[in-house]
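J.: Structure: input15.pdb, PDB, C-alpha atoms.
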```
ATOM      1  CA  MET A   1     -60.994 -94.797 -21.262
ATOM      2  CA  GLY A   2     -64.351 -93.216 -20.629
ATOM      3  CA  TYR A   3     -67.581 -94.649 -19.277
ATOM      4  CA  VAL A   4     -71.053 -93.216 -18.933
ATOM      5  CA  LEU A   5     -72.733 -95.455 -16.364
ATOM      6  CA  ASN A   6     -76.237 -96.058 -15.078
ATOM      7  CA  GLN A   7     -74.730 -97.128 -11.747
ATOM      8  CA  LEU A   8     -71.296 -97.031 -10.161
ATOM      9  CA  SER A   9     -71.528-100.803  -9.704
ATOM     10  CA  ASN A  10     -71.477-101.179 -13.525
ATOM     11  CA  LEU A  11     -67.844-100.000 -13.708
ATOM     12  CA  PRO A  12     -65.789-102.932 -15.033
ATOM     13  CA  VAL A  13     -62.836-104.218 -13.011
ATOM     14  CA  ASP A  14     -59.533-103.974 -14.892
ATOM     15  CA  ASP A  15     -56.226-104.695 -13.150
ATOM     16  CA  ASN A  16     -54.404-102.429 -15.617
ATOM     17  CA  ILE A  17     -56.207 -99.277 -14.434
ATOM     18  CA  ASN A  18     -54.136 -97.027 -12.141
ATOM     19  CA  PHE A  19     -56.557 -94.104 -11.693
ATOM     20  CA  TYR A  20     -60.299 -93.561 -11.716
ATOM     21  CA  ILE A  21     -61.664 -90.069 -12.311
ATOM     22  CA  PHE A  22     -65.308 -89.669 -11.346
ATOM     23  CA  VAL A  23     -67.270 -86.662 -12.594
ATOM     24  CA  VAL A  24     -69.573 -85.623  -9.752
ATOM     25  CA  ASN A  25     -72.184 -82.914 -10.076
ATOM     26  CA  GLY A  26     -75.369 -83.483  -8.137
ATOM     27  CA  GLN A  27     -78.667 -82.529  -9.647
ATOM     28  CA  TYR A  28     -78.253 -79.031 -11.028
ATOM     29  CA  HIS A  29     -77.134 -78.020 -14.499
ATOM     30  CA  ASP A  30     -73.909 -76.062 -14.138
ATOM     31  CA  PRO A  31     -71.710 -74.383 -16.782
ATOM     32  CA  LEU A  32     -68.615 -75.993 -15.253
ATOM     33  CA  TYR A  33     -70.201 -79.424 -15.597
ATOM     34  CA  ASP A  34     -70.809 -78.543 -19.252
ATOM     35  CA  VAL A  35     -67.049 -78.018 -19.657
ATOM     36  CA  ILE A  36     -66.480 -81.613 -18.567
ATOM     37  CA  GLN A  37     -69.350 -82.977 -20.656
ATOM     38  CA  SER A  38     -68.227 -81.207 -23.813
ATOM     39  CA  ASN A  39     -64.634 -82.424 -23.333
ATOM     40  CA  PHE A  40     -65.451 -85.907 -21.992
ATOM     41  CA  VAL A  41     -64.386 -87.873 -25.081
ATOM     42  CA  GLN A  42     -61.145 -85.921 -25.413
ATOM     43  CA  ILE A  43     -60.381 -86.375 -21.685
ATOM     44  CA  ALA A  44     -60.984 -90.130 -22.033
ATOM     45  CA  ARG A  45     -58.671 -90.260 -25.036
ATOM     46  CA  GLU A  46     -55.918 -88.190 -23.383
ATOM     47  CA  ILE A  47     -55.785 -90.033 -20.052
ATOM     48  CA  GLY A  48     -54.844 -93.203 -21.883
ATOM     49  CA  ASP A  49     -55.598 -96.865 -21.379
ATOM     50  CA  ASN A  50     -54.477 -97.092 -17.734
ATOM     51  CA  ALA A  51     -56.987 -94.585 -16.382
ATOM     52  CA  VAL A  52     -60.760 -94.245 -16.493
ATOM     53  CA  VAL A  53     -62.994 -91.200 -16.462
ATOM     54  CA  ALA A  54     -66.611 -91.986 -15.570
ATOM     55  CA  MET A  55     -69.822 -90.031 -15.282
ATOM     56  CA  GLY A  56     -73.393 -91.065 -14.638
ATOM     57  CA  THR A  57     -76.446 -91.017 -16.848
ATOM     58  CA  ASP A  58     -78.251 -89.630 -13.776
ATOM     59  CA  SER A  59     -75.728 -87.192 -12.328
ATOM     60  CA  LYS A  60     -77.447 -86.860  -8.926
ATOM     61  CA  ALA A  61     -77.721 -90.617  -8.326
ATOM     62  CA  PHE A  62     -74.182 -91.206  -9.629
ATOM     63  CA  THR A  63     -72.759 -88.462  -7.422
ATOM     64  CA  THR A  64     -74.567 -89.886  -4.401
ATOM     65  CA  SER A  65     -73.235 -93.386  -5.057
ATOM     66  CA  VAL A  66     -69.667 -92.144  -5.596
ATOM     67  CA  ALA A  67     -69.831 -90.032  -2.410
ATOM     68  CA  ARG A  68     -71.197 -92.913  -0.333
ATOM     69  CA  LYS A  69     -68.640 -95.366  -1.663
ATOM     70  CA  TYR A  70     -65.565 -93.150  -1.414
ATOM     71  CA  LEU A  71     -66.485 -90.745   1.394
ATOM     72  CA  GLY A  72     -68.689 -92.933   3.568
ATOM     73  CA  ASP A  73     -71.264 -91.340   5.816
ATOM     74  CA  GLY A  74     -69.021 -88.383   6.657
ATOM     75  CA  ASN A  75     -71.076 -86.120   4.411
ATOM     76  CA  SER A  76     -74.196 -85.936   6.568
ATOM     77  CA  ASP A  77     -73.871 -82.139   6.779
ATOM     78  CA  GLY A  78     -73.935 -81.836   2.968
ATOM     79  CA  SER A  79     -70.525 -80.165   2.798
ATOM     80  CA  PHE A  80     -69.590 -82.274  -0.227
ATOM     81  CA  THR A  81     -72.380 -80.775  -2.319
ATOM     82  CA  LYS A  82     -71.008 -77.281  -1.669
ATOM     83  CA  ILE A  83     -67.942 -77.990  -3.814
ATOM     84  CA  LEU A  84     -69.773 -79.507  -6.789
ATOM     85  CA  PRO A  85     -69.240 -79.897  -9.660
ATOM     86  CA  ALA A  86     -65.957 -81.669  -9.057
ATOM     87  CA  LEU A  87     -63.734 -84.553 -10.046
ATOM     88  CA  LEU A  88     -63.005 -87.304  -7.548
ATOM     89  CA  ILE A  89     -59.689 -88.949  -8.415
ATOM     90  CA  THR A  90     -58.753 -92.258  -6.843
ATOM     91  CA  ASN A  91     -56.339 -95.098  -7.406
ATOM     92  CA  ASP A  92     -58.782 -97.900  -6.544
ATOM     93  CA  HIS A  93     -61.865 -99.391  -8.181
ATOM     94  CA  PRO A  94     -64.990 -99.161  -5.990
ATOM     95  CA  ASP A  95     -64.832-102.928  -5.369
ATOM     96  CA  ASP A  96     -61.176-102.723  -4.276
ATOM     97  CA  LEU A  97     -61.426 -99.673  -2.028
ATOM     98  CA  LYS A  98     -59.108 -99.657   0.990
ATOM     99  CA  VAL A  99     -58.742 -97.379   3.995
ATOM    100  CA  ASP A 100     -55.579 -95.880   2.489
ATOM    101  CA  SER A 101     -56.985 -95.464  -1.033
ATOM    102  CA  LEU A 102     -56.401 -92.059  -2.558
ATOM    103  CA  ARG A 103     -59.439 -89.782  -2.546
ATOM    104  CA  LEU A 104     -58.598 -86.503  -4.251
ATOM    105  CA  ILE A 105     -61.399 -84.009  -4.829
ATOM    106  CA  VAL A 106     -60.901 -81.257  -7.392
ATOM    107  CA  PRO A 107     -63.691 -78.626  -7.280
ATOM    108  CA  LEU A 108     -64.096 -77.402 -10.854
ATOM    109  CA  LYS A 109     -64.973 -73.859  -9.823
ATOM    110  CA  HIS A 110     -61.358 -73.320  -8.797
ATOM    111  CA  ALA A 111     -59.490 -75.684 -11.125
ATOM    112  CA  GLU A 112     -59.154 -73.089 -13.863
ATOM    113  CA  ASN A 113     -57.572 -70.656 -11.377
ATOM    114  CA  HIS A 114     -54.862 -73.200 -10.512
ATOM    115  CA  PHE A 115     -53.968 -73.811 -14.165
ATOM    116  CA  GLY A 116     -54.806 -70.617 -16.071
ATOM    117  CA  ASN A 117     -57.243 -72.258 -18.490
ATOM    118  CA  TRP A 118     -59.140 -75.492 -19.110
ATOM    119  CA  HIS A 119     -56.690 -76.722 -21.718
ATOM    120  CA  GLN A 120     -53.830 -76.574 -19.187
ATOM    121  CA  PHE A 121     -56.006 -78.216 -16.513
ATOM    122  CA  PHE A 122     -56.980 -81.148 -18.749
ATOM    123  CA  ASP A 123     -53.441 -81.586 -20.086
ATOM    124  CA  SER A 124     -51.956 -81.590 -16.585
ATOM    125  CA  LEU A 125     -54.581 -84.060 -15.343
ATOM    126  CA  ALA A 126     -53.892 -86.401 -18.267
ATOM    127  CA  GLN A 127     -50.128 -86.214 -17.790
ATOM    128  CA  PHE A 128     -50.522 -86.889 -14.066
ATOM    129  CA  VAL A 129     -52.672 -90.011 -14.441
ATOM    130  CA  ARG A 130     -50.433 -91.296 -17.246
ATOM    131  CA  GLY A 131     -47.483 -90.949 -14.846
ATOM    132  CA  GLU A 132     -45.658 -88.404 -16.989
ATOM    133  CA  ASN A 133     -45.719 -85.349 -14.727
ATOM    134  CA  ASP A 134     -46.566 -84.583 -11.099
ATOM    135  CA  ASP A 135     -47.371 -80.885 -11.732
ATOM    136  CA  PHE A 136     -51.092 -81.542 -11.296
ATOM    137  CA  ALA A 137     -50.705 -82.566  -7.640
ATOM    138  CA  LYS A 138     -48.100 -79.911  -6.863
ATOM    139  CA  ARG A 139     -50.483 -77.117  -7.845
ATOM    140  CA  PHE A 140     -52.707 -78.085  -4.921
ATOM    141  CA  GLU A 141     -50.143 -78.213  -2.120
ATOM    142  CA  ASP A 142     -51.794 -75.345  -0.264
ATOM    143  CA  THR A 143     -54.832 -77.086   1.198
ATOM    144  CA  GLY A 144     -57.281 -76.693   4.034
ATOM    145  CA  ASP A 145     -60.330 -78.477   5.306
ATOM    146  CA  LEU A 146     -63.391 -79.152   3.170
ATOM    147  CA  LEU A 147     -65.757 -76.724   4.860
ATOM    148  CA  ASP A 148     -63.718 -73.573   4.383
ATOM    149  CA  ALA A 149     -61.613 -74.579   1.382
ATOM    150  CA  SER A 150     -63.849 -75.415  -1.525
ATOM    151  CA  ASN A 151     -61.232 -73.689  -3.660
ATOM    152  CA  LYS A 152     -58.609 -76.266  -2.739
ATOM    153  CA  VAL A 153     -58.020 -79.933  -3.308
ATOM    154  CA  VAL A 154     -58.740 -82.151  -0.333
ATOM    155  CA  MET A 155     -57.791 -85.744   0.409
ATOM    156  CA  LEU A 156     -60.594 -87.503   2.235
ATOM    157  CA  GLN A 157     -60.282 -90.585   4.387
ATOM    158  CA  PRO A 158     -63.357 -92.469   5.628
ATOM    159  CA  ASN A 159     -62.644 -92.016   9.342
ATOM    160  CA  PHE A 160     -61.518 -88.399   9.371
ATOM    161  CA  PHE A 161     -63.327 -86.146   6.945
ATOM    162  CA  GLY A 162     -61.582 -83.297   5.189
ATOM    163  CA  LEU A 163     -57.996 -83.173   6.445
ATOM    164  CA  GLY A 164     -55.911 -82.230   3.441
ATOM    165  CA  LEU A 165     -53.961 -83.444   0.471
ATOM    166  CA  ASN A 166     -50.978 -85.658   1.085
ATOM    167  CA  ILE A 167     -48.740 -84.496  -1.763
ATOM    168  CA  ASN A 168     -45.893 -86.765  -0.688
ATOM    169  CA  GLU A 169     -48.137 -89.844  -0.974
ATOM    170  CA  LEU A 170     -49.314 -88.772  -4.420
ATOM    171  CA  LEU A 171     -45.757 -88.218  -5.584
ATOM    172  CA  ASP A 172     -44.546 -91.482  -4.027
ATOM    173  CA  ARG A 173     -47.237 -93.384  -5.938
ATOM    174  CA  TRP A 174     -46.444 -91.523  -9.125
ATOM    175  CA  TRP A 175     -42.697 -92.250  -8.841
ATOM    176  CA  ALA A 176     -43.339 -95.911  -7.952
ATOM    177  CA  ARG A 177     -45.529 -96.362 -11.032
ATOM    178  CA  LYS A 178     -43.034 -94.537 -13.216
ATOM    179  CA  SER A 179     -40.215 -96.780 -11.929
ATOM    180  CA  ASP A 180     -42.279 -99.908 -12.612
ATOM    181  CA  THR A 181     -43.049 -98.903 -16.192
ATOM    182  CA  GLY A 182     -39.830 -97.473 -17.331
TER
END
```
Let me see the structure of the file written as structure tokens.
T.:
Amino acid sequence: MGYVLNQLSNLPVDDNINFYIFVVNGQYHDPLYDVIQSNFVQIAREIGDNAVVAMGTDSKAFTTSVARKYLGDGNSDGSFTKILPALLITNDHPDDLKVDSLRLIVPLKHAENHFGNWHQFFDSLAQFVRGENDDFAKRFEDTGDLLDASNKVVMLQPNFFGLGLNINELLDRWWARKSDTG
């Protein structure tokens, strides 16, 4: 499913959604953001009915609201904006956010390098959120902190900013969902 929202708070609650993918960009027009915009409908179709991809009608305001909600006030130094445009992937709706909610940031400027091309990137993302393949997460096992690793995927927690991706947690969640559905 895909949503273009005026505000993050307009995102409907649906208990059947397992992943939320937020397109975050900030205020500047960027060719990588154009890749997402031009493929938005196809991404929404491919991720299926149990995942949502969402972007804002005002990309700067939407990005700010997503960052505040999912990253808290840990971005006072502006380090988050250095990795934009990006996708923020989470397993929880903004109204159901927990301390242990997944917060996976994928900077688009390096996503193509991890997958070879955009087609492979989008296919792997869709397969991951549909619970069909964990290759998407495995490609980002080599991680670092947010300030010196904008080319890597980072898992962010509200109380400790920029530690790294917990691949085991991602895979555990993926396997648990796969076991529940099939």
J.: Once the PyMOL selection byres ((chain A and resi 50) around 10) has been evaluated on this model, what residues remain selected, and can you format them as JSON, numbers by chain?
T.: {"A": [1, 14, 15, 16, 17, 18, 19, 20, 47, 48, 49, 51, 52, 129, 130, 131]}
J.: Once you add 5 Å to each side, what are the centre and edge lengths of the axis-aligned box holding all listed atoms of region 107-119 of chain A? One decimal in Å, as AutoDock Vina command-line options, if you can.
T.:
```
--center_x -59.5 --center_y -74.6 --center_z -14.5 --size_x 21.0 --size_y 18.0 --size_z 24.4
```
J.: Find, counting only C-alpha atoms, the residue in A:Val4, A:Val35, A:Ala67, A:Ile21 that gets nearest to Ile89 (chain A).
T.: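 Of A:Val4, A:Val35, A:Ala67, A:Ile21, the one nearest Ile89 (chain A), counting only C-alpha atoms, is A:Ile21.
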J.: In Å, with one decimal, what is the gap from CA of Tyr28 (chain A) to CA of Ile43 (chain A)?
T.: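 CA of Ile43 (chain A) lies 22.1 Å from CA of Tyr28 (chain A).
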J.: Please report the interatomic distance between CA of Asn25 (chain A) and CA of Ser59 (chain A) in Å with one decimal.
T.: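 Atom-to-atom, CA of Asn25 (chain A) and CA of Ser59 (chain A) are spaced 6.0 Å apart.
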J.: Have a look at CA of Gln127 (chain A) and CA of Ile36 (chain A) and let me know their distance in Å, one decimal.
T.: 17.0 Å
J.: Could you list, as an NGL selection string, every residue within 12 Å of region 30-33 of chain A, counting all atoms listed in the file and ignoring same-chain residues fewer than 3 positions away?
T.: :A and (23-27 or 36-40 or 55 or 59 or 83-87 or 107-112 or 118)
J.: Is there a way to get, as a list of chain:residue names, all residues within 9 Å of the point (-74.4, -87.7, -3.5) in file coordinates, counting all atoms listed in the file?
T.: A:Val24, A:Asn25, A:Gly26, A:Ser59, A:Lys60, A:Ala61, A:Phe62, A:Thr63, A:Thr64, A:Ser65, A:Val66, A:Ala67, A:Arg68, A:Asn75, A:Gly78, A:Phe80, A:Thr81
J.: Since fewer atoms than expected are present, regenerate all heavy atoms for region 91-102 of chain A and write them as an mmCIF file, in the frame of the given file.
T.:
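Result written to selection_30.cif:
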```cif
data_model
loop_
_atom_site.group_PDB
_atom_site.id
_atom_site.type_symbol
_atom_site.label_atom_id
_atom_site.label_comp_id
_atom_site.auth_asym_id
_atom_site.auth_seq_id
_atom_site.Cartn_x
_atom_site.Cartn_y
_atom_site.Cartn_z
ATOM 1 N N ASN A 91 -57.181 -94.058 -6.819
ATOM 2 C CA ASN A 91 -56.339 -95.098 -7.406
ATOM 3 C C ASN A 91 -56.979 -96.476 -7.318
ATOM 4 O O ASN A 91 -56.391 -97.449 -7.774
ATOM 5 C CB ASN A 91 -54.967 -95.110 -6.730
ATOM 6 C CG ASN A 91 -55.067 -95.350 -5.241
ATOM 7 O OD1 ASN A 91 -55.996 -94.892 -4.586
ATOM 8 N ND2 ASN A 91 -54.108 -96.051 -4.686
ATOM 9 N N ASP A 92 -58.158 -96.588 -6.729
ATOM 10 C CA ASP A 92 -58.782 -97.900 -6.544
ATOM 11 C C ASP A 92 -60.206 -97.953 -7.084
ATOM 12 O O ASP A 92 -60.997 -97.018 -6.904
ATOM 13 C CB ASP A 92 -58.800 -98.285 -5.065
ATOM 14 C CG ASP A 92 -57.418 -98.688 -4.565
ATOM 15 O OD1 ASP A 92 -56.661 -99.285 -5.340
ATOM 16 O OD2 ASP A 92 -57.105 -98.403 -3.393
ATOM 17 N N HIS A 93 -60.515 -99.082 -7.719
ATOM 18 C CA HIS A 93 -61.865 -99.391 -8.181
ATOM 19 C C HIS A 93 -62.789 -99.439 -6.965
ATOM 20 O O HIS A 93 -62.356 -99.817 -5.873
ATOM 21 C CB HIS A 93 -61.835 -100.747 -8.904
ATOM 22 C CG HIS A 93 -63.125 -101.109 -9.538
ATOM 23 N ND1 HIS A 93 -64.161 -101.667 -8.825
ATOM 24 C CD2 HIS A 93 -63.548 -100.986 -10.823
ATOM 25 C CE1 HIS A 93 -65.176 -101.886 -9.644
ATOM 26 N NE2 HIS A 93 -64.826 -101.479 -10.873
ATOM 27 N N PRO A 94 -64.061 -99.112 -7.126
ATOM 28 C CA PRO A 94 -64.990 -99.161 -5.990
ATOM 29 C C PRO A 94 -65.032 -100.513 -5.270
ATOM 30 O O PRO A 94 -65.200 -100.562 -4.052
ATOM 31 C CB PRO A 94 -66.352 -98.840 -6.612
ATOM 32 C CG PRO A 94 -66.050 -98.134 -7.874
ATOM 33 C CD PRO A 94 -64.713 -98.616 -8.337
ATOM 34 N N ASP A 95 -64.820 -101.607 -5.994
ATOM 35 C CA ASP A 95 -64.832 -102.928 -5.369
ATOM 36 C C ASP A 95 -63.531 -103.251 -4.639
ATOM 37 O O ASP A 95 -63.478 -104.209 -3.867
ATOM 38 C CB ASP A 95 -65.083 -104.013 -6.418
ATOM 39 C CG ASP A 95 -66.483 -103.946 -7.001
ATOM 40 O OD1 ASP A 95 -67.360 -103.282 -6.401
ATOM 41 O OD2 ASP A 95 -66.695 -104.531 -8.082
ATOM 42 N N ASP A 96 -62.483 -102.477 -4.891
ATOM 43 C CA ASP A 96 -61.176 -102.723 -4.276
ATOM 44 C C ASP A 96 -60.764 -101.620 -3.318
ATOM 45 O O ASP A 96 -59.586 -101.503 -2.964
ATOM 46 C CB ASP A 96 -60.100 -102.855 -5.367
ATOM 47 C CG ASP A 96 -60.344 -104.028 -6.285
ATOM 48 O OD1 ASP A 96 -60.873 -105.054 -5.810
ATOM 49 O OD2 ASP A 96 -60.025 -103.919 -7.483
ATOM 50 N N LEU A 97 -61.698 -100.821 -2.895
ATOM 51 C CA LEU A 97 -61.426 -99.673 -2.028
ATOM 52 C C LEU A 97 -60.829 -100.104 -0.698
ATOM 53 O O LEU A 97 -61.278 -101.065 -0.082
ATOM 54 C CB LEU A 97 -62.735 -98.923 -1.787
ATOM 55 C CG LEU A 97 -62.654 -97.534 -1.212
ATOM 56 C CD1 LEU A 97 -61.851 -96.617 -2.107
ATOM 57 C CD2 LEU A 97 -64.054 -96.978 -1.027
ATOM 58 N N LYS A 98 -59.777 -99.388 -0.286
ATOM 59 C CA LYS A 98 -59.108 -99.657 0.990
ATOM 60 C C LYS A 98 -59.115 -98.392 1.838
ATOM 61 O O LYS A 98 -59.389 -97.298 1.338
ATOM 62 C CB LYS A 98 -57.663 -100.089 0.738
ATOM 63 C CG LYS A 98 -57.496 -101.326 -0.116
ATOM 64 C CD LYS A 98 -56.022 -101.519 -0.444
ATOM 65 C CE LYS A 98 -55.754 -102.159 -1.756
ATOM 66 N NZ LYS A 98 -56.382 -101.651 -2.929
ATOM 67 N N VAL A 99 -58.788 -98.529 3.105
ATOM 68 C CA VAL A 99 -58.742 -97.379 3.995
ATOM 69 C C VAL A 99 -57.738 -96.347 3.490
ATOM 70 O O VAL A 99 -57.968 -95.143 3.565
ATOM 71 C CB VAL A 99 -58.403 -97.816 5.441
ATOM 72 C CG1 VAL A 99 -58.138 -96.626 6.333
ATOM 73 C CG2 VAL A 99 -59.526 -98.668 6.006
ATOM 74 N N ASP A 100 -56.612 -96.805 2.936
ATOM 75 C CA ASP A 100 -55.579 -95.880 2.489
ATOM 76 C C ASP A 100 -55.678 -95.517 1.004
ATOM 77 O O ASP A 100 -54.757 -94.932 0.444
ATOM 78 C CB ASP A 100 -54.187 -96.419 2.805
ATOM 79 C CG ASP A 100 -53.862 -97.699 2.053
ATOM 80 O OD1 ASP A 100 -54.787 -98.351 1.525
ATOM 81 O OD2 ASP A 100 -52.675 -98.052 1.991
ATOM 82 N N SER A 101 -56.799 -95.839 0.364
ATOM 83 C CA SER A 101 -56.985 -95.464 -1.033
ATOM 84 C C SER A 101 -56.993 -93.945 -1.178
ATOM 85 O O SER A 101 -57.523 -93.231 -0.326
ATOM 86 C CB SER A 101 -58.309 -96.008 -1.571
ATOM 87 O OG SER A 101 -58.303 -97.408 -1.596
ATOM 88 N N LEU A 102 -56.416 -93.480 -2.255
ATOM 89 C CA LEU A 102 -56.401 -92.059 -2.558
ATOM 90 C C LEU A 102 -57.817 -91.576 -2.834
ATOM 91 O O LEU A 102 -58.570 -92.242 -3.546
ATOM 92 C CB LEU A 102 -55.522 -91.826 -3.795
ATOM 93 C CG LEU A 102 -55.497 -90.418 -4.357
ATOM 94 C CD1 LEU A 102 -54.746 -89.490 -3.400
ATOM 95 C CD2 LEU A 102 -54.850 -90.426 -5.718
#
```
